[in-house]
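A quick write-up on the structure given underneath.
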Amino acid sequence: MHMKSICLYFQVHQPYRLSAYRFFDIGIHQQYFDEYANRFIMQQVAEKCYLPANKILLSLIREYGGDFRVSFSISGIALEQFEKYSPAVLSSFQELAATSSVEFLSETWAHSLASLKSKKEFETQVRMHEKKTREYFGQKPVTFRNTELVYSNDIGNLVYDLGYRTLLTEGAKHILGWKSPNMLYCSAANPKLKLLLKNFRLSDDIAFRFSDRSWKEWPLTSEKFIDWIKGAGPKEELINLFMDYETFGEHHWVETGIFDFLKAFPRQVIDDPGLGFRTPAELSETLQPVAGLHIPYPISWADEERDITAWLGNELQDEAFDKLYSLEQKIRDLGDDELKRQWRYLQTSDHFYYMCTKWFSDGDVHKYFNPYNSPYDAFINYMNVLSDLSLRIEKRHRSKA
Amino acid sequence: MFGWEFPPHISGGLGTACFGLSKALLKTGVELLFVVPKLYGDEEPGSVRLIDASDVEVDVSDSIYRTHQDKITFMEIDSTLLPYSSEEEYFRLVEQLESGTTLEQLNLDTRRFHFAGGYGKNLMEEVHRYAIVASAIGREQEFDLVHAHDWLTYMAGVEASRVSGKPLVVHMHATEFDRSGDNINHRVFEIEKAGMEAADIVIAVSDLTRNVVINRYGISPGKVITVHNGVEPPVSSQPMKINKGLDGKIVTFLGRITFQKGPEYFIEAAHKVLQKLPDVHFVMAGSGDLLPSMIRRVAKLGMASRFHFTGFLKGDDVDKMFGMSDVYVMPSVSEPFGISPLEAMRSNVPVIISRQSGVAEVLHHALKIDYWDVDAMADAIYGLLQYPSLSKMFRNYGKTEVESIKWDQAGNKVKDIYHQLLSG
């Protein structure tokens, strides 16, 4: 019997949230980021999610050795915040890294959307992130996953040029059509780049629906879930379960039984002779792509549309995004580390997500993640900060010239 | 349905709302008898059947007559009773001040009251007489339930419901707290409270008003239902294009300059904005009891060359003002609903509204602030003036949003309430 591989990838990320920065703060002070909120949230999520979940994974790995495998992508600014606010989380990830059952993926350091705007900045941030991954986890990443799984032919080429041969993205219906996400694909524009696609139905059963009592499949047991996995056709050789790590304990609280699921599911997979765990790098090495995918317009893992309109496309987002990247050349010229760092914090995709107006009609999922009352408030606050940064850059630039 | 006014003889929110709701209800198939104290003969013709309370004959031997008549003798008008009005109305009211109900003796036992209508000096007296007439109407007319709008008509509604045994709905468009802050007129408060207690259902025009009804009048939450107002489509759909004589952007406050409208917060926010953006102009349009102190405050802050008072604006001037404005601010301390930001949005002017307004509950494409949060208000003004995409977004979506706030939705909701009452 042919074995099906399950590929677990968890995204770990926390943005630097902005302070309430009024226009009369512009030119006066530079406390852009809400130190208190960032620390508080990081410590809270550490307690509710990162620490208990890592503990479970570590004990599973200790119990099953190489049979249990998992992959993580941790944004650079999440790593930095671990170091500052919750070093215990960082060491628990390091413990996981030391088992050699865990693959750490590559992404942009600032969890940015630079791939859509600046090749140079994108490359810089990928290299920064690689450096951190090596420093903390002793791994040189070989698999890439872009912020929010944003991908297109062009982005594939960028990533390939940086030395990557495997990339994770969304198994969006509109690009797959009748094709199954449960196989290895490659870029039609560059067949040497292999693509692993998120099985969004099964992934979201855990990530979004697990605690939803109005869902007809509630409660989700690992037996039921494994049945669904095995229900995939014989030629479907892999199941990619990609989700935010905060699914465990933060999006679904401990009381929902999510941690019991996290414990039970791997055991049952390992006990089942037809199933096994693989990391993205292992799959890419052992499987042959079944077809090429041509993706001219960027896709992502967000919303029904699976496009980039959660972050870019409305007037607010576009003005903020353009203004942000219009500073790039000057920032480089100045070579000031502090300015660069703050500019990168402002590139984090979350800031643009807060400005999205799509969910005025439908929006619960999004409200949950949004600290602002409205996208307009988010925009004004962000632009005030950006105005100050921009003023400082202009000033420095003039004095230099 | 008991109202106090009907287009075109309206003095602001109440008449417009009653008219909008009546039309929407008729569309759903509800038949309406709309009673007003006085008909002028030039009311909009339409399918609403209007009853002129001044035409109704009243039997003076009735005990209801005596109960109310006894109270009437010592009622006097109090200026805070002038409720919904814009300044325009105020001036009209002054003309009526001397007028009041007159009595026409038909024979020994039968009389007609000729109501002055509006909000005259003998308002409280008229409110009581209206109740007397309502009981006559309650006996004579065929109907399934009674719906009364605001305190002026509550006693009328209660009487009509009592004599007919039909259920009573009272509609709260504005509470005494909205009109008077904490210095309420206790007589009005008591009428409101008694009306709501007697009612089977209380309809509030916003959740904000609903909370006031529950918390300050002690009405049982189970019978208080929010039905947001709608907006009448504009007469002309083209916003006015204006050449402004001033350079620089204009930020506008338009409304009565009274405690309820929060003008002082607008002035403080203007002061903050002017520190950073000296080219902006601020306009305070309207008049009211706080006008002199507002002028003094502006002078004291040394910004009189940037802050302009227009006095009371009417008709076309209001549209012109919107046409000139780059930002409209409604910093109301207490606003049961608040129609003026919708008018601004319809003229493509981005709006900043206080969260202490009912309209904030239905609008997405508006910046919302707490009226006391001058920093947030200033920041919102600055953002709209400085970051072009923000105004662009508002222009793109605001008008469409306003046009989607229809009376039909309110009409359907009220009809459902009627059905529930009649089937339960």
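Going through the structure tokens in order, the chains are called A, B, and so on, while each chain numbers its residues from 1 and the ligands are numbered from 1 in the order shown.
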Near-segment 356-359 of chain A list (7 Å; only C-alpha atoms; drop same-chain fewer than 5 positions) as a count of residues only: 3
Per-residue DSSP, segment 10-258 of chain A, filtered to strand (DSSP E or B), as a PyMOL selection string: chain A and resi 10-12+18+33+70-74+102-104+106+112+143-145+151+166-170+185-187+194-198+238-244+248+252
Residue list for chain B near chain A as a ChimeraX atom specification, 7 Å, only C-alpha atoms: /B:364,367,379,382-383,389-390,393
Distance query Pro234 of chain A at most 12 Å, only C-alpha atoms, self and fewer than 2 positions along chain excluded, as a PDB file with all heavy atoms, in the first residue's frame:
ATOM      1  N   MET A   1       0.831  -1.204   0.000  1.00  0.00           N
ATOM      2  CA  MET A   1       0.000   0.000   0.000  1.00  0.00           C
ATOM      3  C   MET A   1       0.866   1.255   0.000  1.00  0.00           C
ATOM      4  O   MET A   1       1.878   1.334   0.688  1.00  0.00           O
ATOM      5  CB  MET A   1      -0.885  -0.026   1.265  1.00  0.00           C
ATOM      6  CG  MET A   1      -1.898   1.080   1.285  1.00  0.00           C
ATOM      7  SD  MET A   1      -2.935   0.897   2.746  1.00  0.00           S
ATOM      8  CE  MET A   1      -3.100   2.582   3.217  1.00  0.00           C
ATOM      9  N   HIS A   2       0.471   2.197  -0.834  1.00  0.00           N
ATOM     10  CA  HIS A   2       1.233   3.427  -0.935  1.00  0.00           C
ATOM     11  C   HIS A   2       1.027   4.285   0.306  1.00  0.00           C
ATOM     12  O   HIS A   2      -0.079   4.417   0.796  1.00  0.00           O
ATOM     13  CB  HIS A   2       0.771   4.186  -2.180  1.00  0.00           C
ATOM     14  CG  HIS A   2       1.837   5.080  -2.698  1.00  0.00           C
ATOM     15  ND1 HIS A   2       2.872   4.620  -3.477  1.00  0.00           N
ATOM     16  CD2 HIS A   2       2.057   6.405  -2.520  1.00  0.00           C
ATOM     17  CE1 HIS A   2       3.664   5.626  -3.776  1.00  0.00           C
ATOM     18  NE2 HIS A   2       3.199   6.727  -3.204  1.00  0.00           N
ATOM     19  N   MET A   3       2.108   4.883   0.798  1.00  0.00           N
ATOM     20  CA  MET A   3       1.972   5.674   2.007  1.00  0.00           C
ATOM     21  C   MET A   3       1.677   7.139   1.700  1.00  0.00           C
ATOM     22  O   MET A   3       2.255   7.713   0.794  1.00  0.00           O
ATOM     23  CB  MET A   3       3.248   5.573   2.829  1.00  0.00           C
ATOM     24  CG  MET A   3       3.023   5.993   4.250  1.00  0.00           C
ATOM     25  SD  MET A   3       4.463   5.742   5.298  1.00  0.00           S
ATOM     26  CE  MET A   3       5.229   7.346   5.196  1.00  0.00           C
ATOM     27  N   LYS A   4       0.764   7.689   2.481  1.00  0.00           N
ATOM     28  CA  LYS A   4       0.489   9.126   2.353  1.00  0.00           C
ATOM     29  C   LYS A   4       1.319   9.883   3.376  1.00  0.00           C
ATOM     30  O   LYS A   4       1.371   9.505   4.547  1.00  0.00           O
ATOM     31  CB  LYS A   4      -0.983   9.412   2.643  1.00  0.00           C
ATOM     32  CG  LYS A   4      -1.899   9.121   1.474  1.00  0.00           C
ATOM     33  CD  LYS A   4      -3.283   9.688   1.758  1.00  0.00           C
ATOM     34  CE  LYS A   4      -4.354   8.940   0.992  1.00  0.00           C
ATOM     35  NZ  LYS A   4      -4.109   8.783  -0.440  1.00  0.00           N
ATOM     36  N   SER A   5       1.930  10.978   2.901  1.00  0.00           N
ATOM     37  CA  SER A   5       2.744  11.781   3.813  1.00  0.00           C
ATOM     38  C   SER A   5       1.966  12.989   4.302  1.00  0.00           C
ATOM     39  O   SER A   5       1.299  13.672   3.522  1.00  0.00           O
ATOM     40  CB  SER A   5       3.995  12.275   3.090  1.00  0.00           C
ATOM     41  OG  SER A   5       4.742  11.182   2.638  1.00  0.00           O
ATOM     42  N   SER A 180      -5.734  18.358  -7.621  1.00  0.00           N
ATOM     43  CA  SER A 180      -5.728  18.166  -6.183  1.00  0.00           C
ATOM     44  C   SER A 180      -4.531  18.884  -5.566  1.00  0.00           C
ATOM     45  O   SER A 180      -3.452  18.908  -6.157  1.00  0.00           O
ATOM     46  CB  SER A 180      -5.634  16.673  -5.877  1.00  0.00           C
ATOM     47  OG  SER A 180      -5.192  16.488  -4.554  1.00  0.00           O
ATOM     48  N   ASN A 182      -3.094  17.728  -3.150  1.00  0.00           N
ATOM     49  CA  ASN A 182      -2.361  16.685  -2.427  1.00  0.00           C
ATOM     50  C   ASN A 182      -1.283  16.012  -3.268  1.00  0.00           C
ATOM     51  O   ASN A 182      -1.104  14.791  -3.218  1.00  0.00           O
ATOM     52  CB  ASN A 182      -3.348  15.632  -1.901  1.00  0.00           C
ATOM     53  CG  ASN A 182      -4.435  16.278  -1.049  1.00  0.00           C
ATOM     54  OD1 ASN A 182      -4.204  17.321  -0.435  1.00  0.00           O
ATOM     55  ND2 ASN A 182      -5.610  15.676  -1.018  1.00  0.00           N
ATOM     56  N   MET A 183      -0.604  16.801  -4.062  1.00  0.00           N
ATOM     57  CA  MET A 183       0.499  16.274  -4.875  1.00  0.00           C
ATOM     58  C   MET A 183       1.571  17.340  -4.949  1.00  0.00           C
ATOM     59  O   MET A 183       1.324  18.513  -4.641  1.00  0.00           O
ATOM     60  CB  MET A 183       0.019  15.971  -6.290  1.00  0.00           C
ATOM     61  CG  MET A 183      -1.052  14.898  -6.328  1.00  0.00           C
ATOM     62  SD  MET A 183      -1.459  14.504  -8.023  1.00  0.00           S
ATOM     63  CE  MET A 183      -2.991  13.673  -7.792  1.00  0.00           C
ATOM     64  N   ILE A 229      -8.423  12.237   5.846  1.00  0.00           N
ATOM     65  CA  ILE A 229      -7.124  12.209   5.156  1.00  0.00           C
ATOM     66  C   ILE A 229      -7.024  10.954   4.292  1.00  0.00           C
ATOM     67  O   ILE A 229      -6.620  11.002   3.126  1.00  0.00           O
ATOM     68  CB  ILE A 229      -5.965  12.245   6.178  1.00  0.00           C
ATOM     69  CG1 ILE A 229      -5.887  13.649   6.805  1.00  0.00           C
ATOM     70  CG2 ILE A 229      -4.637  11.861   5.520  1.00  0.00           C
ATOM     71  CD1 ILE A 229      -4.846  13.783   7.894  1.00  0.00           C
ATOM     72  N   LYS A 230      -7.448   9.829   4.869  1.00  0.00           N
ATOM     73  CA  LYS A 230      -7.332   8.576   4.121  1.00  0.00           C
ATOM     74  C   LYS A 230      -8.356   8.476   2.993  1.00  0.00           C
ATOM     75  O   LYS A 230      -8.226   7.645   2.097  1.00  0.00           O
ATOM     76  CB  LYS A 230      -7.468   7.380   5.082  1.00  0.00           C
ATOM     77  CG  LYS A 230      -6.269   7.320   6.031  1.00  0.00           C
ATOM     78  CD  LYS A 230      -6.472   6.365   7.161  1.00  0.00           C
ATOM     79  CE  LYS A 230      -6.152   4.951   6.729  1.00  0.00           C
ATOM     80  NZ  LYS A 230      -6.191   4.042   7.912  1.00  0.00           N
ATOM     81  N   GLY A 231      -9.338   9.356   3.066  1.00  0.00           N
ATOM     82  CA  GLY A 231     -10.331   9.397   1.999  1.00  0.00           C
ATOM     83  C   GLY A 231      -9.788  10.000   0.704  1.00  0.00           C
ATOM     84  O   GLY A 231     -10.420   9.902  -0.345  1.00  0.00           O
ATOM     85  N   ALA A 232      -8.622  10.620   0.764  1.00  0.00           N
ATOM     86  CA  ALA A 232      -8.034  11.193  -0.446  1.00  0.00           C
ATOM     87  C   ALA A 232      -7.680  10.056  -1.401  1.00  0.00           C
ATOM     88  O   ALA A 232      -7.399   8.937  -0.979  1.00  0.00           O
ATOM     89  CB  ALA A 232      -6.787  12.003  -0.099  1.00  0.00           C
ATOM     90  N   GLU A 236      -3.007  10.592  -4.459  1.00  0.00           N
ATOM     91  CA  GLU A 236      -2.709  11.803  -3.688  1.00  0.00           C
ATOM     92  C   GLU A 236      -1.752  11.407  -2.575  1.00  0.00           C
ATOM     93  O   GLU A 236      -2.123  10.760  -1.611  1.00  0.00           O
ATOM     94  CB  GLU A 236      -4.013  12.401  -3.163  1.00  0.00           C
ATOM     95  CG  GLU A 236      -4.931  12.812  -4.308  1.00  0.00           C
ATOM     96  CD  GLU A 236      -6.252  13.388  -3.867  1.00  0.00           C
ATOM     97  OE1 GLU A 236      -7.139  12.592  -3.477  1.00  0.00           O
ATOM     98  OE2 GLU A 236      -6.405  14.615  -3.896  1.00  0.00           O
ATOM     99  N   GLU A 237      -0.510  11.812  -2.768  1.00  0.00           N
ATOM    100  CA  GLU A 237       0.533  11.240  -1.916  1.00  0.00           C
ATOM    101  C   GLU A 237       0.898  12.086  -0.706  1.00  0.00           C
ATOM    102  O   GLU A 237       1.640  11.642   0.151  1.00  0.00           O
ATOM    103  CB  GLU A 237       1.774  10.938  -2.753  1.00  0.00           C
ATOM    104  CG  GLU A 237       2.017  11.973  -3.829  1.00  0.00           C
ATOM    105  CD  GLU A 237       2.912  11.467  -4.966  1.00  0.00           C
ATOM    106  OE1 GLU A 237       3.350  10.304  -4.936  1.00  0.00           O
ATOM    107  OE2 GLU A 237       3.165  12.265  -5.877  1.00  0.00           O
ATOM    108  N   LEU A 238       0.392  13.291  -0.660  1.00  0.00           N
ATOM    109  CA  LEU A 238       0.745  14.117   0.492  1.00  0.00           C
ATOM    110  C   LEU A 238      -0.433  14.994   0.907  1.00  0.00           C
ATOM    111  O   LEU A 238      -1.298  15.319   0.106  1.00  0.00           O
ATOM    112  CB  LEU A 238       1.965  14.988   0.173  1.00  0.00           C
ATOM    113  CG  LEU A 238       1.912  15.874  -1.068  1.00  0.00           C
ATOM    114  CD1 LEU A 238       1.353  17.242  -0.736  1.00  0.00           C
ATOM    115  CD2 LEU A 238       3.301  16.011  -1.659  1.00  0.00           C
ATOM    116  N   GLY A 274      -0.451   3.247   6.841  1.00  0.00           N
ATOM    117  CA  GLY A 274      -0.617   3.959   5.571  1.00  0.00           C
ATOM    118  C   GLY A 274      -0.243   5.429   5.636  1.00  0.00           C
ATOM    119  O   GLY A 274      -0.349   6.139   4.641  1.00  0.00           O
TER     120      GLY A 274
END
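The space separating atom CA of Arg201 of chain A from atom CA of Gln347 of chain A comes to 29.7 Å.
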